[in-house]
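Undergrad: Quick one: the structure is below, questions incoming.
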Amino acid sequence: MKTGKVKFFNEAKGYGFILEDETNNEVFIHHSGLVDKVRENDHVSYDVIEGRKGMNAVNVTKIQ
């Protein structure tokens, strides 16, 4: 699993971006890939899958 920080998340639209810890790359997140509810600046762990427009985070879980 990768780790990162939620850079942006729009709850109304159900999507956002994670800034990956190791590479500083942005990874797209959609509400369907969330395990826990997330907000901006939350530290999270996640898996990455290939989506239609690039890499998507799935199994997104908050790290306490």
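Chain labels A, B, ... are given in the sequence in which chains occur in the structure tokens; within each chain residues are numbered consecutively from 1, and ligands are likewise numbered from 1 in the order shown.
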Excluding Thr3 (chain A) and residues on its chain fewer than 5 positions from it, collect all residues at most 7 Å away from it, counting only C-alpha atoms, and give them as JSON, numbers by chain.

TA: {"A": [20, 21, 44, 45, 46]}

Undergrad: Please list as a VMD selection string every residue within 6 Å of His31 (chain A), counting only C-alpha atoms and excluding residues in the same chain fewer than 3 positions away.

TA: chain A and resid 14 to 15 34

Undergrad: Those residues with N, CA and C atoms, as a PDB file, in the first residue's frame please?

TA:
ATOM      1  N   GLY A  14     -17.774  14.382  -4.783  1.00  0.00           N
ATOM      2  CA  GLY A  14     -17.299  13.026  -4.517  1.00  0.00           C
ATOM      3  C   GLY A  14     -15.965  12.655  -5.131  1.00  0.00           C
ATOM      4  N   TYR A  15     -15.087  13.633  -5.311  1.00  0.00           N
ATOM      5  CA  TYR A  15     -13.767  13.311  -5.845  1.00  0.00           C
ATOM      6  C   TYR A  15     -12.710  14.257  -5.283  1.00  0.00           C
ATOM      7  N   LEU A  34     -13.309   4.962  -1.469  1.00  0.00           N
ATOM      8  CA  LEU A  34     -13.053   5.266  -0.055  1.00  0.00           C
ATOM      9  C   LEU A  34     -13.528   4.153   0.864  1.00  0.00           C
TER      10      LEU A  34
END

Undergrad: Going by DSSP on the backbone, which residues of chain A come out as strand (DSSP E)? List them as a ChimeraX atom specification.

TA: /A:2-10,15-20,26-30,43-51,54-62

Undergrad: For a quick check of understanding, using only C-alpha atoms, which of A:Ala57, A:Gly51, A:Gly16, A:Lys2 has the smallest distance to Arg39 (chain A)?

TA: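 Checking each candidate against Arg39 (chain A), we get A:Gly16 as the closest.
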
Undergrad: May I ask for the distance between CA of Thr23 (chain A) and CA of Val38 (chain A), given in Å to one decimal place?

TA: 20.9 Å

Undergrad: Find, counting only C-alpha atoms, the residue in A:Val60, A:Val35, A:Met55, A:Ile49 that gets nearest to Val6 (chain A).

TA: A:Val60

Undergrad: I'd like to know which of A:Ser32, A:Asn24, A:Asn59, A:Asn41 is closest to Lys5 (chain A), using only C-alpha atoms.

TA: A:Asn41

Undergrad: Between A:Lys7, A:Lys53, A:His43, A:Lys62, which residue has the minimum interatomic distance to Asn25 (chain A), considering only C-alpha atoms?

TA: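 Looking at the shortest contact to Asn25 (chain A), the residue is A:Lys7.
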
Undergrad: CA of Glu26 (chain A) and CA of Gly54 (chain A), how far apart in Å?

TA: 10.3 Å

Undergrad: Rounded to one decimal, what separation in Å do you get between CA of Gly4 (chain A) and CA of Ile18 (chain A)?

TA: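 These two atoms are separated by 6.1 Å.
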
Undergrad: Check the smallest atom-to-atom distance from each of A:Asn56, A:Glu40, A:Ala12, A:Glu50 to Phe28 (chain A) using only C-alpha atoms, then report the winner.

TA: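 Of A:Asn56, A:Glu40, A:Ala12, A:Glu50, the one nearest Phe28 (chain A), counting only C-alpha atoms, is A:Asn56.
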